[in-house]
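Student: Following this line is query.txt, made up of compact mmCIF, C-alpha atoms:
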# COMPACT_ATOMS: atom_id res chain seq x y z
CA MET E 18 0.00 0.00 0.00
CA ASP E 19 1.48 3.34 -1.03
CA PHE E 20 1.34 6.70 0.77
CA ASN E 21 -1.81 7.99 -0.95
CA GLU E 22 -3.68 4.73 -0.34
CA ILE E 23 -2.83 4.89 3.36
CA ILE E 24 -3.99 8.51 3.62
CA GLU E 25 -7.22 7.72 1.78
CA SER E 26 -7.92 4.91 4.26
CA ILE E 27 -7.78 7.33 7.23
CA PRO E 28 -11.16 9.09 7.76
CA VAL E 29 -9.61 11.80 9.97
CA LYS E 30 -9.23 15.11 8.10
CA PRO E 31 -5.58 16.20 7.74
CA TYR E 32 -4.60 19.43 9.47
CA PHE E 33 -1.96 20.04 6.81
CA ARG E 34 -0.90 18.25 3.66
CA ASP E 35 2.03 18.95 1.37
CA GLU E 36 1.05 16.93 -1.70
CA GLN E 37 4.26 17.71 -3.54
CA ALA E 38 6.44 16.31 -0.75
CA ASP E 39 3.95 13.69 0.50
CA ILE E 40 3.88 15.05 4.04
CA VAL E 41 0.69 15.04 6.11
CA ILE E 42 -0.09 16.22 9.65
CA TYR E 43 -3.10 15.14 11.69
CA CYS E 44 -4.20 17.18 14.70
CA ALA E 45 -5.59 14.29 16.72
CA ASP E 46 -4.97 11.70 19.40
CA CYS E 47 -2.62 9.31 17.64
CA ARG E 48 -4.79 6.33 18.60
CA ASP E 49 -7.62 7.76 16.49
CA VAL E 50 -5.37 7.71 13.41
CA LEU E 51 -3.16 4.66 13.97
CA LYS E 52 -6.10 2.27 14.11
CA PHE E 53 -6.80 2.92 10.42
CA ILE E 54 -3.23 2.29 9.23
CA PRO E 55 -2.56 -1.23 7.89
CA ASP E 56 -0.09 -3.56 9.58
CA LYS E 57 3.60 -2.95 8.77
CA SER E 58 2.74 -0.37 6.09
CA ILE E 59 5.18 2.22 7.51
CA ASP E 60 8.91 1.81 6.90
CA LEU E 61 10.11 3.66 10.00
CA LEU E 62 8.61 4.90 13.23
CA LEU E 63 10.76 7.82 14.41
CA THR E 64 9.45 9.58 17.48
CA ASP E 65 10.15 11.22 20.84
CA PRO E 66 7.14 10.57 23.09
CA SER E 67 6.56 12.35 26.37
CA TYR E 68 8.28 10.40 29.14
CA GLY E 69 5.84 10.82 32.02
CA ILE E 70 8.42 12.33 34.39
CA ASN E 71 6.52 15.57 35.21
CA MET E 72 8.93 17.68 33.18
CA ASP E 73 6.05 20.00 32.28
CA SER E 74 5.60 20.87 35.97
CA GLU E 75 9.36 21.26 36.48
CA LEU E 76 9.70 23.66 33.54
CA HIS E 77 6.74 25.67 34.81
CA LYS E 78 8.02 25.73 38.40
CA ASN E 79 11.53 26.78 37.38
CA ASN E 80 10.49 29.45 34.88
CA GLY E 81 13.33 31.94 34.63
CA LEU E 82 15.72 29.84 36.73
CA HIS E 83 18.77 27.86 35.60
CA GLY E 84 18.04 28.46 31.94
CA TYR E 85 14.56 26.92 32.04
CA LYS E 86 11.83 28.34 29.84
CA ASP E 87 8.13 28.19 30.69
CA TYR E 88 6.24 27.09 27.57
CA GLY E 89 2.87 27.68 29.22
CA ASP E 90 1.89 24.00 29.35
CA THR E 91 1.47 21.96 32.50
CA ASN E 92 -0.21 18.78 31.26
CA TRP E 93 1.71 17.51 28.23
CA ASP E 94 4.14 15.13 29.96
CA ILE E 95 1.92 12.04 30.02
CA LYS E 96 3.48 8.65 29.28
CA PRO E 97 1.79 6.82 26.39
CA SER E 98 0.11 3.55 27.30
CA ARG E 99 1.36 0.06 26.54
CA GLY E 100 -1.57 -0.26 24.14
CA THR E 101 -0.44 2.83 22.21
CA PHE E 102 3.04 1.34 21.91
CA ALA E 103 1.50 -1.89 20.61
CA GLU E 104 -0.21 0.15 17.88
CA ILE E 105 2.92 2.02 16.80
CA PHE E 106 4.75 -1.29 16.56
CA ARG E 107 1.88 -2.85 14.61
CA VAL E 108 1.95 -0.24 11.85
CA SER E 109 5.76 0.04 11.46
CA GLN E 110 8.52 -2.28 10.25
CA ASN E 111 11.37 -0.48 12.06
CA GLN E 112 11.38 1.76 15.11
CA ILE E 113 13.57 4.48 16.65
CA ILE E 114 12.19 5.83 19.91
CA TRP E 115 14.00 8.68 21.67
CA GLY E 116 13.78 8.50 25.42
CA GLY E 117 13.67 4.72 25.11
CA ASN E 118 15.18 4.37 28.58
CA TYR E 119 11.83 5.57 29.98
CA PHE E 120 9.93 2.81 28.16
CA ILE E 121 11.97 -0.27 29.02
CA ASP E 122 8.84 -2.00 30.35
CA TYR E 123 7.32 -1.73 26.84
CA LEU E 124 10.41 -2.67 24.81
CA TYR E 125 12.66 -5.67 24.17
CA PRO E 126 16.47 -5.96 24.42
CA THR E 127 18.37 -4.65 21.44
CA MET E 128 21.93 -3.73 20.46
CA GLY E 129 21.12 -0.69 18.37
CA TRP E 130 20.88 2.16 20.85
CA LEU E 131 21.59 5.72 19.72
CA VAL E 132 23.21 8.30 21.99
CA TRP E 133 22.94 12.06 21.60
CA ASP E 134 26.02 13.51 23.28
CA LYS E 135 25.17 17.13 24.07
CA GLY E 136 28.84 18.08 24.36
CA GLN E 137 28.55 19.62 27.80
CA ARG E 138 29.00 18.15 31.27
CA ASP E 139 27.66 18.99 34.73
CA PHE E 140 24.76 21.00 33.32
CA THR E 141 21.38 21.06 35.08
CA LEU E 142 19.91 18.75 32.45
CA ALA E 143 21.29 15.42 31.21
CA ASP E 144 24.66 15.17 29.43
CA GLY E 145 22.93 13.24 26.65
CA GLU E 146 19.82 11.38 25.54
CA LEU E 147 19.16 7.80 24.46
CA ALA E 148 17.11 6.27 21.68
CA TRP E 149 16.00 2.65 21.60
CA THR E 150 15.94 1.14 18.11
CA SER E 151 14.68 -2.14 16.70
CA PHE E 152 17.99 -2.65 14.88
CA GLN E 153 20.39 -5.33 16.09
CA ASN E 154 23.42 -3.27 15.11
CA ALA E 155 26.19 -1.47 16.95
CA LEU E 156 25.38 1.38 19.32
CA ARG E 157 26.19 4.76 17.80
CA ILE E 158 26.99 8.12 19.43
CA TYR E 159 26.44 11.46 17.73
CA THR E 160 27.59 14.76 19.22
CA VAL E 161 25.51 17.89 18.75
CA PRO E 162 26.33 20.60 21.30
CA ARG E 163 23.39 22.34 22.93
CA SER E 164 24.49 25.64 21.41
CA ILE E 165 24.07 24.21 17.90
CA ALA E 166 20.78 22.48 18.73
CA LEU E 167 19.32 25.76 19.99
CA ARG E 168 19.97 27.40 16.61
CA ASP E 169 17.00 25.43 15.27
CA GLY E 170 14.72 27.78 17.17
CA LYS E 171 13.26 25.73 20.01
CA GLN E 172 9.48 25.99 20.05
CA HIS E 173 8.57 22.87 22.05
CA PRO E 174 9.80 21.95 25.55
CA THR E 175 11.45 18.72 24.38
CA GLN E 176 12.17 19.59 20.75
CA LYS E 177 14.89 17.40 19.25
CA SER E 178 17.76 18.82 17.24
CA GLN E 179 17.31 18.65 13.47
CA GLU E 180 20.76 17.09 13.21
CA ILE E 181 19.81 14.33 15.64
CA MET E 182 16.63 13.41 13.76
CA ASN E 183 18.53 13.51 10.47
CA PHE E 184 21.17 11.20 12.00
CA SER E 185 18.38 8.86 13.11
CA VAL E 186 16.95 8.50 9.60
CA LEU E 187 20.38 7.87 8.10
CA TYR E 188 21.10 5.25 10.79
CA ALA E 189 17.90 3.48 9.77
CA ASP E 190 18.94 3.70 6.10
CA ARG E 191 22.21 1.91 6.83
CA ASN E 192 20.71 -0.86 8.94
CA SER E 193 17.23 -1.55 7.61
CA ASN E 194 16.44 -4.51 5.38
CA ASN E 195 13.88 -2.38 3.55
CA LYS E 196 14.08 1.06 1.98
CA ILE E 197 13.14 3.86 4.38
CA ASP E 198 10.65 5.77 2.26
CA LEU E 199 7.69 6.41 4.59
CA ILE E 200 8.18 7.66 8.16
CA ILE E 201 5.60 8.14 10.91
CA ASP E 202 5.82 10.21 14.09
CA PRO E 203 2.71 9.82 16.28
CA PHE E 204 4.02 12.40 18.79
CA LEU E 205 5.08 15.04 16.30
CA GLY E 206 5.39 18.06 18.60
CA SER E 207 6.69 21.04 16.65
CA GLY E 208 7.40 18.92 13.58
CA THR E 209 11.12 18.15 13.51
CA THR E 210 10.64 14.59 12.23
CA ALA E 211 8.47 15.77 9.34
CA TYR E 212 10.83 18.66 8.64
CA CYS E 213 13.81 16.33 8.34
CA ALA E 214 11.82 13.80 6.31
CA LYS E 215 11.00 16.50 3.78
CA LYS E 216 14.61 17.62 3.63
CA LEU E 217 15.75 14.05 3.02
CA GLY E 218 13.11 13.38 0.38
CA ARG E 219 11.01 10.97 2.47
CA LYS E 220 7.27 10.75 2.90
CA CYS E 221 5.94 11.37 6.41
CA ILE E 222 2.78 11.03 8.48
CA GLY E 223 2.85 13.21 11.60
CA ILE E 224 0.26 13.15 14.39
CA GLU E 225 0.09 15.75 17.16
CA ILE E 226 -2.73 16.25 19.64
CA GLU E 227 -2.02 19.94 20.42
CA GLU E 228 -3.17 22.33 17.69
CA LYS E 229 -0.64 25.02 18.60
CA TYR E 230 2.21 22.61 17.85
CA CYS E 231 0.50 21.48 14.64
CA SER E 232 0.47 25.14 13.62
CA ILE E 233 4.19 25.48 14.36
CA ALA E 234 4.94 22.30 12.40
CA LYS E 235 2.88 23.54 9.46
CA GLN E 236 4.79 26.82 9.47
CA ARG E 237 8.16 25.04 9.53
CA LEU E 238 7.18 22.73 6.68
CA SER E 239 5.89 25.64 4.63
CA GLN E 240 9.22 27.44 4.66
CA SER E 241 10.60 27.85 1.17
CA VAL E 242 14.20 27.48 2.31
CA MET E 243 14.98 24.49 4.52
CA ARG E 244 18.22 23.69 6.25
CA LEU E 245 19.69 21.04 8.51
Mind turning this structure into structure tokens?
Tutor:
Amino acid sequence: MDFNEIIESIPVKPYFRDEQADIVIYCADCRDVLKFIPDKSIDLLLTDPSYGINMDSELHKNNGLHGYKDYGDTNWDIKPSRGTFAEIFRVSQNQIIWGGNYFIDYLYPTMGWLVWDKGQRDFTLADGELAWTSFQNALRIYTVPRSIALRDGKQHPTQKSQEIMNFSVLYADRNSNNKIDLIIDPFLGSGTTAYCAKKLGRKCIGIEIEEKYCSIAKQRLSQSVMRL
């Protein structure tokens, strides 16, 4: 089943669609979209779900302190359910899940972890971040200093660096048994996965429950000049 056939099978109205690049965004609970997607029809799941560690409250509480920014939200950091994870695995052939260390109870052992080295030590936040992958290949580390990541223009509390998401897609390219043509991100946030997919010439289905982040993602994808 190709991209257009999958989109036609989903009765939820897209929030945004770039027909030239085959990118679509749904403003919805991902469970209301995933249930219409056929089994294993997506080449790669690439996502960064909320971890359920109350980071929304911490950012709000520490507004203006230690470099924290208050994004005005206090209820977004809710851990997806085991059932939601079952659905994202059902629709995808390969998976890369940032923050995988928070979902060990949902995942199985694998060799292919990714590490984002933030190039700075003894900072208030973590020195790096981890991604679980379904690939049984060597662990890889990629360094993107915080100063470079912030040049992307951070518009979501946990927005991933464009370079990191680009690195993730290329890692999947090298290690997948199938061509990585169609990517899905059911927790799209401000749209970095879709942005990088477009830059790399891949199709992408993005799902985000908050309309304000869908609007940001739409704006980023509509830019005439894109960079990584």
Student: Report as a list of chain:residue names all protein, DNA and RNA residues lying within 8 Å of Asp39 (chain E), evaluated on all atoms listed in the file, omitting residues in the same chain fewer than 4 positions from it.
Tutor: E:Phe20, E:Arg34, E:Asp35, E:Arg219, E:Lys220, E:Cys221
Student: Rank nothing, just name the residue among E:Ile200, E:Ile27, E:Gly208, E:Leu147 nearest to Lys57 (chain E), using all atoms listed in the file.
Tutor: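 The closest residue to Lys57 (chain E) is E:Ile200.
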Student: Just the number, please: distance in Å from CA of Glu227 (chain E) to CA of Glu146 (chain E), one decimal.
Tutor: 24.0 Å
Student: How many Å separate CA of Ile165 (chain E) from CA of Asp202 (chain E)?
Tutor: 23.3 Å
Student: With distances taken over all atoms listed in the file, which of E:Asn111, E:Thr64, E:Ser178, E:Thr101 is nearest to Ser151 (chain E)?
Tutor: E:Asn111
